[in-house]
file upload-v2.txt (compact mmCIF, C-alpha atoms)
# COMPACT_ATOMS: atom_id res chain seq x y z
CA LEU A 23 82.24 111.47 84.60
CA ALA A 24 79.74 109.82 86.90
CA ARG A 25 76.70 108.13 85.44
CA ARG A 26 73.32 108.26 87.14
CA GLU A 27 70.68 105.58 86.73
CA GLU A 28 67.25 105.47 88.31
CA THR A 29 66.30 101.98 89.47
CA PRO A 30 63.33 100.61 91.43
CA ASP A 31 65.66 100.58 94.46
CA GLY A 32 66.59 104.24 94.01
CA THR A 33 69.30 106.24 92.30
CA ARG A 34 72.43 104.34 91.35
CA TRP A 35 75.70 106.13 90.57
CA SER A 36 78.64 104.59 88.74
CA MET A 37 82.08 105.68 87.55
CA PRO A 38 84.04 104.37 84.57
CA ALA A 39 86.71 101.78 85.38
CA ALA A 40 89.39 104.03 83.85
CA LEU A 41 89.09 107.78 84.00
CA PRO A 42 89.39 109.58 80.66
CA LEU A 43 92.45 111.64 79.85
CA PRO A 44 92.08 115.44 79.89
CA GLY A 45 92.34 115.57 76.10
CA ASP A 46 89.37 113.21 75.85
CA LEU A 47 87.12 115.77 77.58
CA LEU A 48 88.71 119.15 76.90
CA PRO A 49 90.09 120.80 73.79
CA LEU A 50 93.86 121.02 74.37
CA ASP A 51 96.40 122.74 72.18
CA ALA A 52 99.14 120.52 70.76
CA ASP A 53 101.87 121.86 73.08
CA LEU A 54 99.84 121.23 76.23
CA ALA A 55 98.82 117.76 75.05
CA GLN A 56 102.49 116.94 74.36
CA ARG A 57 103.56 118.20 77.81
CA LEU A 58 100.83 116.14 79.50
CA ASP A 59 101.90 113.05 77.54
CA GLY A 60 105.49 113.63 78.68
CA ILE A 61 104.41 113.92 82.30
CA ARG A 62 102.36 110.70 82.07
CA TRP A 63 105.33 108.88 80.48
CA THR A 64 107.67 110.11 83.22
CA LEU A 65 105.25 109.15 86.00
CA ARG A 66 104.92 105.67 84.47
CA THR A 67 108.58 105.04 83.68
CA GLY A 68 110.32 106.99 86.48
CA PRO A 69 109.94 104.36 89.21
CA LEU A 70 110.84 101.59 86.74
CA VAL A 71 114.01 103.40 85.68
CA ASP A 72 114.89 104.01 89.33
CA GLU A 73 114.72 100.26 90.09
CA LEU A 74 116.90 99.43 87.11
CA ILE A 75 119.42 102.17 87.92
CA ASN A 76 119.55 101.04 91.56
CA HIS A 77 120.51 97.57 90.36
CA LEU A 78 123.13 98.89 87.93
CA VAL A 79 124.66 101.22 90.53
CA ASP A 80 124.26 99.39 93.84
CA ASP A 81 124.63 95.79 92.70
CA LEU A 82 126.90 96.12 89.66
CA GLY A 83 128.88 99.29 90.42
CA GLU A 84 127.95 101.40 87.37
CA PRO A 85 129.23 99.11 84.60
CA GLN A 86 129.95 100.74 81.24
CA GLU A 87 128.29 97.77 79.59
CA ILE A 88 126.76 94.43 80.48
CA LEU A 89 125.62 91.43 78.50
CA THR A 90 122.17 90.58 79.82
CA SER A 91 118.54 89.85 78.94
CA LEU A 92 115.19 91.24 80.00
CA ASP A 93 114.57 88.05 81.99
CA ARG A 94 117.79 88.53 83.94
CA LEU A 95 117.17 92.21 84.62
CA ALA A 96 113.60 91.49 85.69
CA ALA A 97 114.77 88.82 88.13
CA ALA A 98 117.53 91.06 89.50
CA THR A 99 115.23 94.05 90.01
CA GLY A 100 112.05 92.25 91.04
CA GLN A 101 110.18 93.82 88.14
CA ASP A 102 108.05 92.47 85.36
CA VAL A 103 109.79 91.94 81.99
CA ASP A 104 107.51 94.52 80.33
CA ASP A 105 108.39 97.07 83.00
CA VAL A 106 112.11 96.49 82.45
CA ARG A 107 111.52 96.92 78.72
CA LEU A 108 109.86 100.30 79.41
CA ALA A 109 112.72 101.35 81.68
CA LEU A 110 115.27 100.47 79.01
CA ALA A 111 113.27 102.33 76.37
CA GLU A 112 113.28 105.43 78.59
CA LEU A 113 117.04 105.19 79.20
CA VAL A 114 117.64 104.91 75.45
CA LYS A 115 115.18 107.71 74.63
CA SER A 116 116.87 110.04 77.12
CA GLY A 117 120.36 109.27 75.78
CA ASP A 118 121.54 107.54 78.95
CA ALA A 119 121.99 104.13 77.35
CA GLN A 120 122.21 102.14 74.16
CA VAL A 121 120.90 98.65 73.56
CA GLN A 122 122.80 96.52 71.06
CA ARG A 123 122.49 93.05 69.58
CA GLY A 124 125.93 92.18 68.28
CA GLU A 125 127.38 95.43 66.96
CA GLU A 126 124.03 96.80 65.77
CA PRO A 127 121.66 99.02 67.76
CA ALA A 128 118.53 97.20 68.89
CA ASP A 129 115.05 98.52 69.54
CA ALA A 130 114.61 98.39 73.33
CA GLU A 131 110.84 98.19 72.95
CA ARG A 132 111.05 95.06 70.80
CA LEU A 133 113.55 93.00 72.77
CA GLU A 134 112.56 89.41 73.43
CA ALA A 135 112.56 88.44 77.09
CA HIS A 136 115.14 85.64 76.84
CA ARG A 137 117.46 87.00 74.10
CA ARG A 138 120.74 88.51 75.25
CA PHE A 139 121.70 92.06 74.41
CA ARG A 140 124.40 94.49 75.38
CA LEU A 141 123.35 97.40 77.58
CA VAL A 142 125.86 100.23 77.13
CA MET A 143 125.46 103.01 79.69
CA ASP A 144 126.57 106.61 79.31
CA TRP A 145 127.03 107.39 83.00
CA GLU A 146 128.45 110.84 82.30
CA HIS A 147 125.28 111.79 80.43
CA PHE A 148 123.13 110.14 83.08
CA HIS A 149 124.71 112.06 85.97
CA GLU A 150 124.78 115.32 84.03
CA LYS A 151 121.14 115.26 82.89
CA ARG A 152 119.33 113.68 85.82
CA ILE A 153 118.58 115.49 89.03
CA GLN A 154 119.59 113.61 92.14
CA VAL A 155 118.60 114.85 95.55
CA SER A 156 120.16 113.30 98.61
CA ARG A 157 119.09 114.00 102.12
CA GLY A 158 121.41 113.16 104.99
CA ASP A 159 119.48 112.26 108.14
call {"tool": "encode", "arguments": {"input": "upload-v2.txt", "output": "structure tokens"}}
result
Amino acid sequence: LARREETPDGTRWSMPAALPLPGDLLPLDADLAQRLDGIRWTLRTGPLVDELINHLVDDLGEPQEILTSLDRLAAATGQDVDDVRLALAELVKSGDAQVQRGEEPADAERLEAHRRFRLVMDWEHFHEKRIQVSRGD
């Protein structure tokens, strides 16, 4: 990973700005590569989903549905619009929510920041499928 270069001032070591993924360096079977991709997706989207869920639960009281936009959700959660879009895509992918424009399903990953959509939550599914650990101090 590190690169070594001999210069008149001595040896100079450097690292790439972004480290390669394991599959870029090692031969991985398809199942392992898929599991690693899932872990990376969860690590990326987990905190974003948590912020959005905190807003929906703590601020809005677990609404079945809301009429909103990415801009509004970003402002309410203190997140970037693209991060809210990722969080919504994860909620839809996991079956916890639906995103609709009018009566038709909408692609959460292609929502425009300012356009309104209906976020329909399936709280029963959410609570059944997600692990929640509480610690009383």
call {"tool": "residues_near_point", "arguments": {"input": "upload-v2.txt", "point": "(129.3, 98.3, 82.2)", "cutoff": "8 Å", "atoms": "all atoms listed in the file", "output": "CSV table (one decimal) with C-alpha atoms, in the frame of the given file"}}
result
chain,number,residue,atom,x,y,z
A,84,GLU,CA,128.0,101.4,87.4
A,85,PRO,CA,129.2,99.1,84.6
A,86,GLN,CA,130.0,100.7,81.2
A,87,GLU,CA,128.3,97.8,79.6
A,88,ILE,CA,126.8,94.4,80.5
A,141,LEU,CA,123.4,97.4,77.6
A,142,VAL,CA,125.9,100.2,77.1
A,143,MET,CA,125.5,103.0,79.7
call {"tool": "atom_distance", "arguments": {"input": "upload-v2.txt", "atom1": "atom CA of A:Arg152", "atom2": "atom CA of A:Asp102"}}
result
24.0 Å
call {"tool": "residues_near_point", "arguments": {"input": "upload-v2.txt", "point": "(77.6, 102.2, 88.9)", "cutoff": "12 Å", "atoms": "only C-alpha atoms", "output": "list in words"}}
result
Leu23, Ala24, Arg25, Arg26, Glu27, Glu28, Thr29, Thr33, Arg34, Trp35, Ser36, Met37, Pro38 and Ala39 of chain A
call {"tool": "residues_around", "arguments": {"input": "upload-v2.txt", "residues": "stretch 107-113 of chain A", "least_positions_apart": "2", "cutoff": "9 Å", "atoms": "only C-alpha atoms", "output": "MDAnalysis selection string"}}
result
chainID A and resid 63:64 66:74 92 102:105 115:121 129:133 135 141 143 148
call {"tool": "residues_around", "arguments": {"input": "upload-v2.txt", "residues": "A:Glu134", "least_positions_apart": "4", "cutoff": "9 Å", "atoms": "only C-alpha atoms", "output": "JSON, numbers by chain"}}
result
{"A": [91, 92, 93, 138]}
call {"tool": "write_last_selection", "arguments": {"input": "upload-v2.txt", "atoms": "C-alpha atoms", "output": "compact mmCIF listing (two decimals), in the frame of the given file"}}
result
# COMPACT_ATOMS: atom_id res chain seq x y z
CA SER A 91 118.54 89.85 78.94
CA LEU A 92 115.19 91.24 80.00
CA ASP A 93 114.57 88.05 81.99
CA ARG A 138 120.74 88.51 75.25
call {"tool": "axis_aligned_box", "arguments": {"input": "upload-v2.txt", "around": "stretch 124-139 of chain A", "padding_each_side": "6 Å", "output": "lines of an AutoDock Vina configuration file"}}
result
center_x = 119.1
center_y = 92.3
center_z = 71.4
size_x = 28.5
size_y = 25.4
size_z = 23.3
call {"tool": "atom_distance", "arguments": {"input": "upload-v2.txt", "atom1": "atom CA of A:Glu126", "atom2": "atom CA of A:Asp80"}}
result
28.2 Å
call {"tool": "closest_residue", "arguments": {"input": "upload-v2.txt", "among": "A:Asp59, A:Val106, A:Leu89, A:Asp51", "to": "A:Ile75", "atoms": "only C-alpha atoms"}}
result
A:Val106
call {"tool": "atom_distance", "arguments": {"input": "upload-v2.txt", "atom1": "atom CA of A:Val79", "atom2": "atom CA of A:Lys151"}}
result
16.4 Å
call {"tool": "decode", "arguments": {"input": "upload-v2.txt", "residues": "stretch 76-106 of chain A", "atoms": "C-alpha atoms", "output": "PDB file, in the first residue's frame"}}
result
ATOM      1  CA  ASN A  76     -34.660  10.124  15.672  1.00  0.00           C
ATOM      2  CA  HIS A  77     -36.416  13.031  13.977  1.00  0.00           C
ATOM      3  CA  LEU A  78     -39.420  10.919  12.970  1.00  0.00           C
ATOM      4  CA  VAL A  79     -39.764   9.396  16.451  1.00  0.00           C
ATOM      5  CA  ASP A  80     -38.659  12.148  18.832  1.00  0.00           C
ATOM      6  CA  ASP A  81     -39.870  15.221  16.958  1.00  0.00           C
ATOM      7  CA  LEU A  82     -42.864  13.877  15.029  1.00  0.00           C
ATOM      8  CA  GLY A  83     -44.053  10.982  17.211  1.00  0.00           C
ATOM      9  CA  GLU A  84     -43.778   8.111  14.702  1.00  0.00           C
ATOM     10  CA  PRO A  85     -46.135   9.402  12.000  1.00  0.00           C
ATOM     11  CA  GLN A  86     -47.578   6.814   9.618  1.00  0.00           C
ATOM     12  CA  GLU A  87     -46.924   9.234   6.788  1.00  0.00           C
ATOM     13  CA  ILE A  88     -45.702  12.759   6.208  1.00  0.00           C
ATOM     14  CA  LEU A  89     -45.635  15.087   3.240  1.00  0.00           C
ATOM     15  CA  THR A  90     -42.115  16.466   3.089  1.00  0.00           C
ATOM     16  CA  SER A  91     -39.046  17.079   0.915  1.00  0.00           C
ATOM     17  CA  LEU A  92     -35.371  16.239   1.148  1.00  0.00           C
ATOM     18  CA  ASP A  93     -34.651  19.904   1.910  1.00  0.00           C
ATOM     19  CA  ARG A  94     -37.049  19.869   4.851  1.00  0.00           C
ATOM     20  CA  LEU A  95     -35.734  16.594   6.249  1.00  0.00           C
ATOM     21  CA  ALA A  96     -32.146  17.782   5.863  1.00  0.00           C
ATOM     22  CA  ALA A  97     -32.909  20.999   7.747  1.00  0.00           C
ATOM     23  CA  ALA A  98     -34.788  19.131  10.483  1.00  0.00           C
ATOM     24  CA  THR A  99     -32.037  16.549  10.994  1.00  0.00           C
ATOM     25  CA  GLY A 100     -28.984  18.735  10.413  1.00  0.00           C
ATOM     26  CA  GLN A 101     -27.860  16.461   7.595  1.00  0.00           C
ATOM     27  CA  ASP A 102     -26.862  17.032   4.013  1.00  0.00           C
ATOM     28  CA  VAL A 103     -29.580  16.438   1.382  1.00  0.00           C
ATOM     29  CA  ASP A 104     -27.559  13.601  -0.176  1.00  0.00           C
ATOM     30  CA  ASP A 105     -27.228  11.928   3.218  1.00  0.00           C
ATOM     31  CA  VAL A 106     -30.991  12.128   3.775  1.00  0.00           C
TER      32      VAL A 106
END
